[in-house]
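**Student:** Quick one, structure31.txt (compact mmCIF, C-alpha atoms):
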# COMPACT_ATOMS: atom_id res chain seq x y z
CA MET A 1 78.84 136.40 129.42
CA ARG A 2 78.91 133.07 131.21
CA ALA A 3 77.56 130.15 129.21
CA ILE A 4 77.43 126.36 129.27
CA GLU A 5 79.11 124.81 126.25
CA ILE A 6 79.16 121.28 124.85
CA ARG A 7 82.91 120.63 124.86
CA GLU A 8 82.48 117.48 122.78
CA PHE A 9 79.63 115.05 122.25
CA GLY A 10 79.18 112.59 125.07
CA ALA A 11 78.10 112.10 128.69
CA PRO A 12 76.79 114.92 130.91
CA GLU A 13 80.34 115.82 131.97
CA VAL A 14 81.02 117.33 128.52
CA LEU A 15 78.90 120.32 129.59
CA VAL A 16 81.38 122.95 130.80
CA GLU A 17 81.16 126.58 131.85
CA ALA A 18 82.75 129.02 129.41
CA THR A 19 82.88 132.71 128.54
CA ARG A 20 81.29 133.84 125.30
CA PRO A 21 80.91 137.26 123.65
CA ASP A 22 77.64 138.97 124.54
CA PRO A 23 75.05 138.37 121.78
CA ARG A 24 73.32 141.30 120.12
CA PRO A 25 69.68 141.34 119.02
CA GLY A 26 68.82 141.96 115.38
CA PRO A 27 65.62 143.11 113.69
CA GLY A 28 62.58 141.51 115.32
CA GLU A 29 64.61 140.28 118.27
CA LEU A 30 65.18 141.17 121.91
CA LEU A 31 67.93 140.40 124.40
CA VAL A 32 67.09 138.70 127.70
CA ARG A 33 69.23 138.83 130.82
CA VAL A 34 68.56 135.24 131.75
CA ALA A 35 67.58 134.37 135.30
CA ALA A 36 66.66 130.75 134.59
CA SER A 37 66.87 128.21 131.75
CA GLY A 38 64.70 125.16 131.29
CA VAL A 39 66.32 121.75 130.71
CA ASN A 40 64.72 119.49 128.10
CA ARG A 41 65.39 116.15 126.40
CA PRO A 42 66.37 117.84 123.12
CA ASP A 43 69.25 119.42 125.07
CA VAL A 44 70.39 115.91 126.03
CA LEU A 45 70.16 114.75 122.42
CA GLN A 46 72.17 117.78 121.27
CA ARG A 47 74.83 117.05 123.89
CA LYS A 48 75.11 113.51 122.50
CA GLY A 49 75.43 114.74 118.92
CA ALA A 50 72.01 113.45 117.88
CA TYR A 51 70.12 116.74 117.46
CA ALA A 52 72.00 119.54 115.73
CA PRO A 53 70.76 123.14 116.06
CA PRO A 54 68.94 124.47 113.00
CA PRO A 55 70.95 126.69 110.63
CA GLY A 56 71.66 130.09 112.14
CA ALA A 57 70.88 129.05 115.74
CA SER A 58 73.38 129.25 118.57
CA ASP A 59 75.47 126.15 119.18
CA LEU A 60 74.82 126.52 122.91
CA PRO A 61 72.10 124.20 124.24
CA GLY A 62 68.90 125.51 125.78
CA LEU A 63 65.45 126.01 124.24
CA GLU A 64 63.70 128.13 126.88
CA VAL A 65 64.62 131.00 129.16
CA ALA A 66 63.07 133.50 131.53
CA GLY A 67 64.45 136.83 132.62
CA THR A 68 64.42 140.57 131.92
CA VAL A 69 64.42 142.37 128.57
CA ILE A 70 67.52 144.58 128.37
CA ASP A 71 67.67 145.48 124.65
CA GLY A 72 65.82 144.90 121.42
CA ASP A 73 64.12 146.15 118.27
CA ALA A 74 62.25 149.16 119.67
CA GLY A 75 59.49 149.19 117.06
CA GLU A 76 58.77 145.48 117.31
CA LEU A 77 58.92 145.60 121.10
CA ALA A 78 56.31 148.36 121.15
CA ALA A 79 54.11 146.51 118.66
CA ALA A 80 54.23 143.44 120.91
CA GLY A 81 53.37 145.47 124.00
CA LEU A 82 56.81 144.85 125.53
CA ALA A 83 59.44 147.25 126.86
CA ILE A 84 62.95 147.27 128.29
CA GLY A 85 62.73 146.03 131.86
CA ASP A 86 59.80 143.67 131.29
CA ARG A 87 60.05 140.11 132.56
CA VAL A 88 59.47 137.53 129.84
CA CYS A 89 59.83 133.85 129.11
CA ALA A 90 60.87 132.81 125.62
CA LEU A 91 61.15 129.83 123.31
CA VAL A 92 64.48 129.85 121.44
CA SER A 93 66.19 127.55 118.93
CA GLY A 94 69.39 127.45 120.99
CA GLY A 95 71.52 129.57 123.28
CA GLY A 96 69.38 129.24 126.40
CA TYR A 97 72.22 128.00 128.62
CA ALA A 98 73.74 131.45 129.01
CA GLU A 99 73.46 134.67 131.01
CA LEU A 100 72.28 136.53 127.90
CA CYS A 101 70.04 135.13 125.18
CA VAL A 102 68.61 136.58 121.97
CA ALA A 103 64.99 135.63 121.26
CA PRO A 104 62.53 136.48 118.47
CA ILE A 105 60.05 138.93 119.94
CA GLY A 106 57.14 136.88 118.60
CA GLN A 107 58.29 133.88 120.65
CA CYS A 108 58.25 135.78 123.96
CA LEU A 109 55.47 135.83 126.52
CA PRO A 110 55.11 137.82 129.74
CA VAL A 111 56.00 136.06 132.96
CA PRO A 112 52.61 135.14 134.48
CA THR A 113 51.49 137.23 137.40
CA GLY A 114 52.90 135.91 140.66
CA TRP A 115 55.32 133.49 138.99
CA SER A 116 59.06 133.59 139.60
CA ASP A 117 61.54 133.53 136.72
CA ILE A 118 62.43 129.96 137.69
CA GLU A 119 58.78 128.93 137.40
CA ALA A 120 58.36 130.83 134.13
CA ALA A 121 61.41 129.12 132.61
CA SER A 122 59.49 125.84 132.88
CA LEU A 123 56.77 127.06 130.51
CA PRO A 124 57.79 127.75 126.89
CA GLU A 125 59.16 124.50 125.46
CA THR A 126 56.48 122.24 126.87
CA PHE A 127 53.52 124.58 126.38
CA PHE A 128 54.46 125.48 122.79
CA THR A 129 54.94 121.75 122.06
CA VAL A 130 51.75 120.53 123.73
CA TRP A 131 49.58 123.27 122.24
CA SER A 132 50.95 122.74 118.73
CA ASN A 133 50.58 118.96 118.86
CA VAL A 134 47.63 118.21 121.12
CA VAL A 135 45.41 121.15 120.21
CA ASP A 136 46.46 122.15 116.69
CA ARG A 137 47.46 118.77 115.22
CA GLY A 138 45.49 116.48 117.55
CA ARG A 139 42.38 118.71 117.50
CA LEU A 140 41.59 117.97 121.15
CA GLN A 141 38.07 119.05 122.06
CA SER A 142 36.15 119.30 125.30
CA GLY A 143 34.71 115.87 126.06
CA ASP A 144 37.53 114.00 124.27
CA THR A 145 39.74 111.43 125.96
CA LEU A 146 43.47 112.18 125.81
CA LEU A 147 46.12 109.50 126.42
CA VAL A 148 49.51 110.93 127.43
CA GLN A 149 52.50 108.60 127.30
CA GLY A 150 55.04 109.53 129.97
CA GLY A 151 52.70 111.58 132.12
CA SER A 152 55.35 112.52 134.69
CA SER A 153 57.70 114.17 132.17
CA GLY A 154 57.80 117.90 131.56
CA ILE A 155 55.64 117.42 128.48
CA GLY A 156 53.40 115.05 130.40
CA VAL A 157 52.61 117.32 133.33
CA THR A 158 51.85 120.11 130.88
CA ALA A 159 49.55 117.89 128.79
CA ILE A 160 47.69 116.74 131.90
CA GLN A 161 46.96 120.25 133.10
CA LEU A 162 46.17 121.69 129.68
CA GLY A 163 44.01 118.73 128.70
CA LYS A 164 41.97 119.00 131.90
CA ALA A 165 41.63 122.78 131.54
CA LEU A 166 40.27 122.25 128.02
CA GLY A 167 37.64 119.80 129.26
CA ALA A 168 39.18 116.47 128.28
CA THR A 169 39.36 113.22 130.21
CA VAL A 170 43.09 112.54 130.66
CA ILE A 171 44.67 109.09 130.94
CA VAL A 172 48.42 108.84 131.46
CA THR A 173 51.08 106.17 131.55
CA ALA A 174 54.04 106.27 133.91
CA GLY A 175 56.75 103.86 135.04
CA SER A 176 56.05 103.61 138.76
CA ASP A 177 53.19 103.80 141.24
CA ALA A 178 54.73 106.96 142.72
CA LYS A 179 54.76 108.66 139.33
CA CYS A 180 51.19 107.54 138.68
CA ALA A 181 50.17 109.07 142.00
CA ALA A 182 51.90 112.33 141.08
CA CYS A 183 50.00 112.45 137.78
CA LEU A 184 46.70 111.86 139.55
CA GLY A 185 47.60 114.67 141.92
CA LEU A 186 47.97 117.00 138.94
CA GLY A 187 44.46 116.16 137.74
CA ALA A 188 44.83 113.11 135.52
CA ASP A 189 41.65 111.02 135.62
CA HIS A 190 43.47 107.68 135.33
CA ALA A 191 47.13 106.63 135.56
CA ILE A 192 48.48 103.33 134.22
CA ASN A 193 51.77 101.86 135.44
CA TYR A 194 53.01 100.53 132.11
CA ARG A 195 55.43 98.19 133.88
CA GLN A 196 52.52 96.37 135.51
CA ALA A 197 49.68 96.56 132.97
CA ASP A 198 49.04 96.60 129.23
CA PHE A 199 48.27 100.27 128.64
CA ALA A 200 46.31 99.57 125.45
CA ALA A 201 43.99 97.11 127.16
CA GLU A 202 43.58 99.45 130.13
CA VAL A 203 42.65 102.39 127.89
CA LYS A 204 39.99 100.30 126.20
CA ARG A 205 38.67 99.17 129.59
CA LEU A 206 38.64 102.66 131.07
CA THR A 207 36.75 104.04 128.07
CA GLY A 208 34.18 101.25 127.92
CA GLY A 209 35.76 99.85 124.76
CA ARG A 210 35.63 103.15 122.85
CA GLY A 211 39.28 104.15 123.08
CA ALA A 212 41.10 107.49 123.26
CA ASP A 213 40.41 110.34 120.85
CA VAL A 214 43.98 111.68 120.97
CA VAL A 215 47.24 109.97 121.92
CA LEU A 216 50.35 112.06 122.64
CA ASP A 217 53.29 109.73 122.04
CA MET A 218 56.98 110.27 122.87
CA VAL A 219 57.95 106.62 122.32
CA ALA A 220 57.01 105.51 118.76
CA GLY A 221 58.64 102.18 117.84
CA ASP A 222 56.46 99.23 118.78
CA TYR A 223 54.09 101.51 120.71
CA VAL A 224 52.51 102.74 117.50
CA ALA A 225 50.56 99.56 116.71
CA ARG A 226 49.33 99.31 120.30
CA GLU A 227 48.29 102.97 120.30
CA LEU A 228 46.35 102.58 117.08
CA GLY A 229 44.57 99.65 118.68
CA CYS A 230 43.36 101.76 121.60
CA LEU A 231 42.31 104.79 119.53
CA ALA A 232 38.63 105.54 119.09
CA ASP A 233 37.25 105.68 115.56
CA ASP A 234 38.47 108.94 113.94
CA GLY A 235 41.20 109.09 116.61
CA ARG A 236 44.47 110.99 116.23
CA LEU A 237 47.91 109.68 117.15
CA VAL A 238 50.48 112.49 117.51
CA ILE A 239 54.14 111.48 117.71
CA ILE A 240 56.59 114.05 119.13
CA ALA A 241 59.63 111.87 119.95
CA VAL A 242 61.01 108.45 119.08
CA GLN A 243 62.55 107.20 122.31
CA GLY A 244 61.45 103.67 121.41
CA GLY A 245 62.85 103.76 117.88
CA VAL A 246 61.96 105.16 114.47
CA ARG A 247 60.57 101.97 112.92
CA SER A 248 56.99 100.83 113.49
CA GLU A 249 54.84 98.04 112.05
CA PHE A 250 51.06 98.38 112.16
CA ASN A 251 47.90 97.32 110.39
CA ALA A 252 47.28 99.94 107.72
CA GLY A 253 43.87 98.44 107.04
CA GLU A 254 42.79 99.46 110.53
CA VAL A 255 43.80 103.05 109.77
CA LEU A 256 41.57 102.98 106.69
CA ARG A 257 38.59 101.27 108.26
CA ARG A 258 38.47 103.42 111.38
CA ARG A 259 39.62 106.70 109.77
CA LEU A 260 42.62 107.06 112.06
CA THR A 261 45.19 109.84 111.77
CA ILE A 262 48.90 109.37 112.40
CA THR A 263 50.77 112.65 112.57
CA GLY A 264 53.67 114.27 114.38
CA SER A 265 56.01 117.22 114.40
CA THR A 266 59.20 118.76 115.71
CA LEU A 267 59.07 122.39 116.74
CA ARG A 268 62.67 123.55 116.82
CA PRO A 269 63.26 123.98 113.06
CA ARG A 270 59.93 125.72 112.34
CA GLN A 271 59.87 129.34 111.22
CA VAL A 272 59.48 132.26 113.63
CA ALA A 273 56.05 133.11 112.21
CA PHE A 274 54.78 129.62 113.02
CA LYS A 275 56.03 129.78 116.60
CA ALA A 276 54.76 133.33 117.01
CA ALA A 277 51.26 132.12 116.10
CA ILE A 278 51.51 129.50 118.86
CA ALA A 279 52.68 132.19 121.30
CA ALA A 280 49.67 134.32 120.41
CA ALA A 281 47.33 131.37 121.01
CA LEU A 282 48.97 130.65 124.35
CA ARG A 283 48.67 134.31 125.37
CA ALA A 284 44.96 134.31 124.49
CA ARG A 285 43.92 130.84 125.65
CA VAL A 286 46.39 129.53 128.24
CA TRP A 287 47.74 132.56 130.11
CA PRO A 288 44.23 133.32 131.47
CA LEU A 289 44.10 129.73 132.78
CA ILE A 290 47.43 130.30 134.51
CA ASP A 291 46.21 133.59 135.98
CA ALA A 292 43.11 131.76 137.25
CA GLY A 293 45.29 129.17 139.00
CA ARG A 294 44.11 126.29 136.84
CA ILE A 295 47.65 125.56 135.64
CA ARG A 296 50.62 125.60 137.99
CA PRO A 297 54.35 125.03 137.67
CA VAL A 298 55.69 121.54 138.34
CA ILE A 299 59.42 121.70 139.00
CA GLU A 300 61.39 118.72 140.25
CA ARG A 301 64.66 120.48 140.99
CA VAL A 302 66.58 123.70 140.40
CA PHE A 303 70.34 123.51 139.74
CA GLU A 304 72.87 126.30 139.59
CA ALA A 305 73.89 126.86 135.96
CA ALA A 306 77.37 125.50 136.64
CA GLN A 307 75.69 122.21 137.64
CA ALA A 308 74.26 121.63 134.16
CA ALA A 309 75.92 118.21 134.01
CA GLN A 310 74.08 117.11 137.16
CA ALA A 311 70.83 118.44 135.70
CA HIS A 312 71.35 116.35 132.56
CA ALA A 313 72.16 113.27 134.63
CA LEU A 314 68.85 113.67 136.46
CA MET A 315 67.01 114.14 133.16
CA GLU A 316 68.53 110.93 131.77
CA SER A 317 67.70 108.99 134.92
CA SER A 318 63.97 109.64 134.32
CA GLN A 319 63.52 109.90 138.09
CA HIS A 320 62.01 113.37 137.91
CA VAL A 321 58.41 114.52 137.86
CA GLY A 322 57.95 117.70 135.88
CA LYS A 323 60.65 120.17 134.92
CA ILE A 324 64.34 120.65 135.68
CA VAL A 325 65.62 124.25 135.69
CA LEU A 326 69.02 125.97 135.73
CA ARG A 327 69.41 129.16 137.78
CA TRP A 328 71.72 132.00 136.67
CA SER A 329 70.95 134.66 139.27
Output the file's structure as structure tokens, nothing else.
**Tutor:**
Amino acid sequence: MRAIEIREFGAPEVLVEATRPDPRPGPGELLVRVAASGVNRPDVLQRKGAYAPPPGASDLPGLEVAGTVIDGDAGELAAAGLAIGDRVCALVSGGGYAELCVAPIGQCLPVPTGWSDIEAASLPETFFTVWSNVVDRGRLQSGDTLLVQGGSSGIGVTAIQLGKALGATVIVTAGSDAKCAACLGLGADHAINYRQADFAAEVKRLTGGRGADVVLDMVAGDYVARELGCLADDGRLVIIAVQGGVRSEFNAGEVLRRRLTITGSTLRPRQVAFKAAIAAALRARVWPLIDAGRIRPVIERVFEAAQAAQAHALMESSQHVGKIVLRWS
């Protein structure tokens, strides 16, 4: 099969096309003929040598794919209501940048009705992540206010749409007026250009001094103290990336007095059973929203698989709104 390898750690140009042996599915797994692969920031970190695959995962980058089931554990396929020939999208721990990809059956979902494989490849990584962190860990409820840092990212556009569909007021930050406008177009109630305004002060103003109930943070670093300051009492700060650094200084007394929660998670190393439970929740709660047209794909650009280096360069430029996808067929 064709695949995109990391020749050595470094700049986007280290991504090269190669030929690999075809993978074979084991118990509880299926094999996807990949039509499209999603591109995500963890792929960039892996390419740089900063995010190794978990033990047992493929060394090829790529955490999400969409395509057609061509082989698999017959009993588990039947139990999951899947069959050879079905179109699925899947969350994987690695190996997504290839024509063939093995995926745990529990981490696969049907391609939504009317969606292309390219559109479906934009779903798994961001929806699994946002559901697990905003809904499960952040306990977002209808009527809450959700602050999303980086609203124009793949995670951001997912959090906007899911938050609105669940009945929340959504505030986002973004780095330009154009990106703020794009977020508002996706349904965000308010968008703050963080280069022009203090997001913490703006959140307090927009909420009448109350603050946000949930903050989804991909920055960490010195953002943490500011985010705690604009949380409502009993608010939840959920950290899913540390683009601003791993060290933070904040007033722990404020956490005690206002009963604040600081939490976070990474999804890639979690067990299959954990991810399968998220997939089941998405199938039950989110796929009907997609079928109803309340959530739509947001794709900035599609690259041919051989152009993976260009896709990574666009990702690192942060000039995109939504997802970047590789096409195999």
**Student:** Smallest atom-to-atom distance to A:Asp59: which of A:Ala279, A:Val92, A:Leu289, A:Ala36, using only C-alpha atoms?
**Tutor:**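 Among the listed residues, the smallest separation from A:Asp59 belongs to A:Val92.
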**Student:** Measure the distance from atom CA of A:Thr169 to atom CA of A:Ala188 in Å and round it to one decimal.
**Tutor:**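 Between these atoms lies a distance of 7.6 Å.
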**Student:** Name all residues at most 12 Å from A:Ala200 (count all atoms listed in the file; drop same-chain ones fewer than 6 positions away) and give them as an mmCIF file with C-alpha atoms, in the frame of the given file.
**Tutor:**
data_model
loop_
_atom_site.group_PDB
_atom_site.id
_atom_site.type_symbol
_atom_site.label_atom_id
_atom_site.label_comp_id
_atom_site.auth_asym_id
_atom_site.auth_seq_id
_atom_site.Cartn_x
_atom_site.Cartn_y
_atom_site.Cartn_z
ATOM 1 C CA LEU A 147 46.120 109.500 126.420
ATOM 2 C CA VAL A 148 49.510 110.930 127.430
ATOM 3 C CA GLN A 149 52.500 108.600 127.300
ATOM 4 C CA ILE A 171 44.670 109.090 130.940
ATOM 5 C CA VAL A 172 48.420 108.840 131.460
ATOM 6 C CA THR A 173 51.080 106.170 131.550
ATOM 7 C CA ILE A 192 48.480 103.330 134.220
ATOM 8 C CA ASN A 193 51.770 101.860 135.440
ATOM 9 C CA TYR A 194 53.010 100.530 132.110
ATOM 10 C CA LEU A 206 38.640 102.660 131.070
ATOM 11 C CA THR A 207 36.750 104.040 128.070
ATOM 12 C CA GLY A 209 35.760 99.850 124.760
ATOM 13 C CA ARG A 210 35.630 103.150 122.850
ATOM 14 C CA GLY A 211 39.280 104.150 123.080
ATOM 15 C CA ALA A 212 41.100 107.490 123.260
ATOM 16 C CA VAL A 215 47.240 109.970 121.920
ATOM 17 C CA TYR A 223 54.090 101.510 120.710
ATOM 18 C CA VAL A 224 52.510 102.740 117.500
ATOM 19 C CA ALA A 225 50.560 99.560 116.710
ATOM 20 C CA ARG A 226 49.330 99.310 120.300
ATOM 21 C CA GLU A 227 48.290 102.970 120.300
ATOM 22 C CA LEU A 228 46.350 102.580 117.080
ATOM 23 C CA GLY A 229 44.570 99.650 118.680
ATOM 24 C CA CYS A 230 43.360 101.760 121.600
ATOM 25 C CA LEU A 231 42.310 104.790 119.530
ATOM 26 C CA ALA A 232 38.630 105.540 119.090
#
**Student:** Mind pulling up the distance from atom CA of A:Glu125 to atom CA of A:Glu64?
**Tutor:**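 Interatomic distance, atom CA of A:Glu64 to atom CA of A:Glu125: 6.0 Å.
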**Student:** So how far away is atom CA of A:Ser329 from atom CA of A:Asn40, in Å?
**Tutor:**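 Here the two named atoms are 19.8 Å from each other.
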**Student:** Looking at A:Ala284, A:Ala57, A:Val203, A:Ala197, which one is nearest to A:Gln271, with distances taken over only C-alpha atoms?
**Tutor:**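 Under the stated criterion, the closest residue is A:Ala57.
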**Student:** With all atoms listed in the file as the counted atoms, please give the residues lying no more than 10 Å from A:Thr129, apart from itself and same-chain residues fewer than 4 positions off, as JSON, numbers by chain.
**Tutor:** {"A": [124, 125, 133, 134, 135, 155, 158, 159, 240, 265, 266, 267, 268, 275, 278]}
**Student:** A:Ala241: which residues within 9 Å, counting all atoms listed in the file, same-chain residues fewer than 5 positions away excluded, as a PyMOL selection string?
**Tutor:** chain A and resi 217-220+246+264-266
**Student:** Any idea what's packed within 9 Å of stretch 77-90 of chain A, counting only C-alpha atoms, ignoring anything in its chain fewer than 6 positions away? Could you give it as an NGL selection string?
**Tutor:** :A and (28-30 or 32 or 63-71 or 103-112 or 117 or 120-125)
**Student:** Here is a test: counting only C-alpha atoms, which residue of A:Leu45, A:Gly94, A:Gln307, A:Val16 is nearest to A:Val242?
**Tutor:**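 Going through A:Leu45, A:Gly94, A:Gln307, A:Val16 one by one, the smallest distance to A:Val242 is for A:Leu45.
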**Student:** So which residues touch A:Leu314 within 10 Å, counting all atoms listed in the file, skipping near sequence neighbours fewer than 5 positions away, as a PyMOL selection string?
**Tutor:** chain A and resi 12+300-301+308-309+319-320+324
**Student:** Find the axis-aligned box for stretch 208-222 of chain A, covering all its listed atoms and adding 5 Å on each side, and write its centre and edge lengths in Å to one decimal as lines of an AutoDock Vina configuration file.
**Tutor:**
center_x = 46.4
center_y = 105.6
center_z = 122.9
size_x = 34.5
size_y = 22.8
size_z = 20.1
**Student:** For each of A:Ile295, A:Ala11, A:Ala50, A:Val34, take the minimum atom-to-atom distance to A:Gly163, counting all atoms listed in the file, then give the residue where this is smallest.
**Tutor:**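 Closest to A:Gly163, using all atoms listed in the file: A:Ile295.
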**Student:** Please write as a VMD selection string the list of polymer residues whose atoms come within 9 Å of (61.4, 109.6, 128.8), counting all atoms listed in the file and keeping to the coordinates of the file.
**Tutor:** chain A and resid 41 150 152 to 153 218 to 219 243 315 to 318
**Student:** Taking all atoms listed in the file into account, name the residue in A:Gly244, A:Pro42, A:Pro55, A:Gly49 that is nearest to A:Arg270.
**Tutor:**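 That would be A:Pro55, the residue with the smallest distance to A:Arg270.
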